[in-house]
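Beneath this line is the structure, given in structure tokens, with notes to follow.
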Amino acid sequence: MSLERQPSSASLEKPKSGTGLLDKGWEEVQKRTFTKWVNNNLKKRFGSSVVLNDIENDWKDGILLMKLINGLYSTPIPRHIANPKMRPQLLDNLVLALKMVEDAGVKTNFLKTGHLVDSDTKMILGMIWAIILDFQIKGISVEELSAKEGLLLWCRKKTQGYAGVKVDNFTHSFTDGLAFCALIHKHRPDLIDFDSLSKGNKEHNLRLAFSIAEEKLNIPRLLDVEDMVEPDERSVMTYVSEYFHCFASQNQNEVAGRRIGKIFNMQRTNDQLKDDYIAKAKELHEWIVGRTAEMTDREFDDTLAGVQSKVEDFKSYKRADKPKKTKEKLEVELFYNNLAMKLRANNRPPFEPPAGLALADLDHEWEKLSSEEKGREEALNAELARQEQIDSLLKRFKAKEGLLEQWVNDKEAFLQAQEGVTLDSLYAVQIRIKMMEGFEQEYVTSKPRLDQVEALEKQLIDLNYSGKDEIAAQKDAVEQKWKNLASLISSRKQYFAEQLEKQQRMEDLRIEFARQAKEFDRWLKDAYEKARDSNFGESKEAVEAFLSELTSEEKSLKDASNERKARLDVVHQQLEALEVKENKYTVLSMEDIINRMHTLDELLSARQTAYEQEILRQEAMEVKRKEFANTAQEFVQYIDNMRKAINEIGGEPTEHKTGVLATYAEGTEGAQKLEVLSALDQEMKQMGISNNRHTPYTFVGLTTRWKQYVNFITNLLTSLDEDIALNAKFEEMKREWAHKEELENQKIDFANRANELNTFIQNANEIATDPIVAKSLLAIQALNSEFAALEEQFQTHSKDVDALKDLDNYLKQEGATENTLSSFTFDDMSAKWSALNDVLQTRRGELETETKRQETNDELCKEFASQANHINEWISQEVNKVAQSGTAGETLEAQQADLLVRLESRVAFSSNVEKLTQLSQSLQDARIEDNIYTKLTLRDIEIKWELLLTNIQQRQKTIEDEIRAQKGTQISASQLAELKDCFNHFDRDKSGTLTTHELKACLHSLGEDLPDDKIDAIIKEHGQEGVLSFESFTNFMVKRIADVESKEDIAAAFAQLSNGKETLTPDQVHSSFPPDEAKLIIERLKSLNPDVTDNNYPYQPFLDELFSR
């Protein structure tokens, strides 16, 4: 009959006291549990045909016991009575059966055949417990107590940390079912959601654990839920031992799976690392190649703003993109080196990246990129310098072209204003000619300004300026204007030359007219005297005889007058033809001459009348005529001589007048002679003589002749005074003309100097106000040299300012307050000069400040470059040392020690990086973007500095992992603690060693189910004198726990999983690997064995592949 019963809802309720059930409760539980245990093992050997139905009576014939021992220990069943009926037959069979029990090593103590025949329940249960203890629990320890404690310790360790679970015994510690669930969850967390369980729901917990154990783990259900109301210790131990053996067997497969899984995962990891490297290297390679292609671009948009934008983009690339990719490259190198070291440490073949992705390939591409970067940077800097030069040249071109054009326009306007100008004097023309000469000189000196414009145009064209056609057109236009100005100057010079010739002709005619008019006037005055002479003779004969002379003399005077007038008319007509209105050389006009000619005609007519009257008077007396005649003749001769002497006097008017006055001597001598004649005349009158035929002269006539002489002298002196006055006036005019000419010359000189100085000031202002753009010490030094030359020119031109001041003072002193020939006043130029001086002072200060800043910046750049280069070289050396570590065959420990030295060196060297950080901040504060002494930036150094640390730390971790792997120490601290606890627990005598039995019990508590021969081999290999020290035990266990890596060990692990076969099934894989890992392994097995159709996959190809890379 079956000992199993159906559970009820109240099956976990404790029975009331006094019912008697508690006394036999453990026995009933044992019956059921042991019956289930026996049937489970019989079924394994004999199937369903052999079953224990009645635990008290089914042992009587011994046959069932023999089959049980045969099934458990493979002990042969001896010949026996197949169907015994009688007691002796039963006893004979039982003797054979007990002999099998004894041969199997099961200690039944006092069990006799009679106990079985007589159905002694307690002895029967004791026998079954002995068999269970020996077969299922004995391996945990030799003695029962040790076995119990070993199994209990195993339970305690496996359930440690589970909430609500505390295993102190095999009774009440299991009543709530949580301990069973914890054991299952510990080994198969996928089967139970432990966190969802409640300690108060005991029935559910027990039913869940029993069901899952039976259905998922093939652990027979030796207990029922109601058996746990007051659990039997042996029953629970028997059931828990099934858990132990299940998980111990599973543990061996798990260890094998873990070993295979480690190799598989290591290969997957390595493959993934290789794939990761390839992906990283490919991405980096593509970026490098792409950037290299971009760096070859030399097409800029030919504008300053455009290239400045490109430069900023490149700087941004150098500041952001390149450092980031530099870090990525170093990380790729580090990634590869760590992968190489990992492969080398695990005796794997070196990794050969795909073509183009090896570190050497990347370095080659990186060098190409760096070369192209350098080329692009040089091209950008060259283009920036070109565009900046173009911009500067363009500004200077426009300024100089504009100034030249303005100058040309001003001069052109001035010259055009001179067109057709009316000049009324030779002096005015001469002034204009001198002005044009100065103008022409200024034009000649303006050629360098055009040359500068042309030079700037050529420079812009040489720089391939995009607007070269436009500036060429502007230059050609201003050049044409400038050349046209030459034609205009030549035209004006020609005009003024013609005017000069005309004015010179007019001046010559004025002088000639004045000369002829003066001579004519003087002749007319003499003719007047002759026309006034009425002394025709003192006798009728004489007067009559005088008629022919009178007629001849009148004709002669008129002819001479007309002739002189005709000559003067010619000059006068020429002057009129030239429209000359004034003549500064004479006060006489043609009208004056004509009027005086009329006066002569009138005098001659009056003389003719007087002559006619005189003839009537010449018929008288002649008494004293001879004396009177002789004295008269002498007097006349005297007057003639005096006239002759005076007429012979020449020279300048003043000298002439002096000579006349000296010769005339105030007329004293002549007056005396006239007085003598007057006395004689009185005598003649007294004698009644009224005429004198002996002389043509009368006293009246002589008196008249004397008066005429005196008038002659007077007229001559008057004429000479007029000449002197005219000469004085002319000299005054000459002085005025000379003064005016001097003033005009000074004005022209002022204008020329002012124009020249203004040109210098404009150029100097242009240079001195040009923004200071100096990015280096060399640049500011060049600006200083340019400024020094400008200051030297300033000092030279200061003399021009002094000269202008002197000219201005002179002109002001001379009353010339305005200068129409100059566009600038001295005040204008003084203000411009003062302003330029201020500009130069400001420029000097700015240059000094900028020079000091650039000197400071230059020193800062040098210091930063020196520090950065020093750090970079040091880091490169350290990186190389890290990379070379282990390549010469050094031990992992030596490599580890070397890495510690590298870390200490890095710490000791860190002050240099801190100093570089401070220098970089100083560079930022100084707004220094480019350092001509180094291409390194703080970011470059920081990346390398941090990657050096990362490299060292990753190498440390890798080496530590390899050291643990080599020494078998790749286990957790908790595992080590567990080993120590187990060792101490089973070291009963506290001797610090374990015996063979203690070691076996200890290993069982750790889930290791090893046969005795292997225990003995362990003691022999790792122990001394038959015992195992804690250190030896730890080394053995660590090595056993750690995963081995040889191909032979992995082959053994495959054999463990396949139960010694050469093939694996998907179920075997699933049972030994995590789901995801199992899935991958199955897929790999299928791909390596495509022809397999029965799910039995040879694992050798997989094994070979695991060690192929």
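Letters A, B, ... mark the chains of the structure tokens in the order given; residue numbers begin at 1 per chain; ligand numbers begin at 1, in order shown.
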Exercise for the section: Run DSSP on the backbone of this structure and report the residues of region 679-791 of chain A it assigns to helix (DSSP H, G or I), as number ranges by chain. Expected result: A: 679-687, 699-768, 777-791
Exercise for the section: Tell me which protein, DNA and RNA residues are within 7 Å of Pro1098 (chain A), counting only C-alpha atoms, leaving out same-chain ones fewer than 4 positions away, and put them as number ranges by chain. Expected result: A: 1062-1064
Take the residues from that selection and put them in a file with N, CA and C atoms, as a PDB file, in the first residue's frame.
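What landed in again.pdb:
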```pdb
ATOM      1  N   GLU A1062      31.439  12.765 -27.004  1.00  0.00           N
ATOM      2  CA  GLU A1062      32.111  13.750 -27.839  1.00  0.00           C
ATOM      3  C   GLU A1062      31.131  14.754 -28.441  1.00  0.00           C
ATOM      4  N   THR A1063      29.885  14.632 -27.996  1.00  0.00           N
ATOM      5  CA  THR A1063      28.870  15.555 -28.507  1.00  0.00           C
ATOM      6  C   THR A1063      28.120  16.194 -27.353  1.00  0.00           C
ATOM      7  N   LEU A1064      27.513  17.344 -27.654  1.00  0.00           N
ATOM      8  CA  LEU A1064      26.684  18.058 -26.677  1.00  0.00           C
ATOM      9  C   LEU A1064      25.311  18.265 -27.284  1.00  0.00           C
TER      10      LEU A1064
END
```
Handout entry: Shell around Leu923 (chain A) at 9 Å using only C-alpha atoms, local window under 6 positions removed, as a list in words
Key = Asn857, Leu860, Cys861, Phe864 and Glu929 of chain A
Residue subset to file, keeping all heavy atoms, as a JSON list (two decimals), in the first residue's frame:
```
[["chain", "number", "residue", "atom", "x", "y", "z"],
["A", 857, "ASN", "N", 54.47, 89.07, -23.69],
["A", 857, "ASN", "CA", 53.79, 87.93, -24.32],
["A", 857, "ASN", "C", 54.77, 86.96, -24.94],
["A", 857, "ASN", "O", 54.61, 85.74, -24.86],
["A", 857, "ASN", "CB", 52.80, 88.42, -25.38],
["A", 857, "ASN", "CG", 51.61, 89.13, -24.78],
["A", 857, "ASN", "OD1", 51.42, 89.11, -23.57],
["A", 857, "ASN", "ND2", 50.79, 89.75, -25.60],
["A", 860, "LEU", "N", 56.32, 85.02, -22.32],
["A", 860, "LEU", "CA", 55.30, 84.09, -21.82],
["A", 860, "LEU", "C", 55.13, 82.92, -22.78],
["A", 860, "LEU", "O", 55.03, 81.76, -22.36],
["A", 860, "LEU", "CB", 53.98, 84.83, -21.63],
["A", 860, "LEU", "CG", 52.84, 84.07, -20.91],
["A", 860, "LEU", "CD1", 53.28, 83.66, -19.51],
["A", 860, "LEU", "CD2", 51.61, 84.96, -20.82],
["A", 861, "CYS", "N", 55.11, 83.22, -24.09],
["A", 861, "CYS", "CA", 54.99, 82.16, -25.10],
["A", 861, "CYS", "C", 56.19, 81.23, -25.06],
["A", 861, "CYS", "O", 56.06, 80.01, -25.15],
["A", 861, "CYS", "CB", 54.85, 82.78, -26.50],
["A", 861, "CYS", "SG", 53.24, 83.53, -26.82],
["A", 864, "PHE", "N", 55.87, 79.14, -21.91],
["A", 864, "PHE", "CA", 54.83, 78.12, -22.09],
["A", 864, "PHE", "C", 55.32, 77.02, -23.03],
["A", 864, "PHE", "O", 55.14, 75.83, -22.77],
["A", 864, "PHE", "CB", 53.55, 78.75, -22.64],
["A", 864, "PHE", "CG", 52.44, 77.76, -22.88],
["A", 864, "PHE", "CD1", 51.53, 77.47, -21.87],
["A", 864, "PHE", "CD2", 52.31, 77.10, -24.09],
["A", 864, "PHE", "CE1", 50.52, 76.54, -22.07],
["A", 864, "PHE", "CE2", 51.31, 76.17, -24.30],
["A", 864, "PHE", "CZ", 50.40, 75.90, -23.28],
["A", 929, "GLU", "N", 46.39, 83.94, -28.75],
["A", 929, "GLU", "CA", 45.76, 82.78, -29.37],
["A", 929, "GLU", "C", 46.78, 81.88, -30.06],
["A", 929, "GLU", "O", 46.62, 80.66, -30.07],
["A", 929, "GLU", "CB", 44.72, 83.25, -30.39],
["A", 929, "GLU", "CG", 43.55, 84.01, -29.77],
["A", 929, "GLU", "CD", 42.52, 84.42, -30.80],
["A", 929, "GLU", "OE1", 42.75, 84.18, -32.00],
["A", 929, "GLU", "OE2", 41.48, 84.99, -30.41]]
```
Exercise for the section: Using only C-alpha atoms, find the one residue out of A:Glu756, A:Lys280, A:Leu153, A:Pro84 that sits nearest to Phe986 (chain A). Expected result: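 Closest to Phe986 (chain A) of all the choices is A:Leu153.
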Practice task
For region 813-823 of chain A, list every protein, DNA or RNA residue within 6 Å, evaluated using only C-alpha atoms, and leave out those in the same chain fewer than 2 positions away; present the list as a list in words.
Solution key: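 What passes the distance filter is Ala751, Tyr810 and Leu811 of chain A.
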Written file, previous selection with C-alpha atoms, as a PDB file, in the first residue's frame:
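Result file follows (selection-v2.pdb):
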```pdb
ATOM      1  CA  ALA A 751      52.175 127.834 -50.816  1.00  0.00           C
ATOM      2  CA  TYR A 810      57.274 138.384 -43.037  1.00  0.00           C
ATOM      3  CA  LEU A 811      54.065 138.485 -45.053  1.00  0.00           C
TER       4      LEU A 811
END
```
Handout entry: Atom-to-atom span, CA of Ser1032 (chain A) and CA of Ile1018 (chain A), Å
Key =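 Between CA of Ser1032 (chain A) and CA of Ile1018 (chain A) the gap is 10.0 Å.
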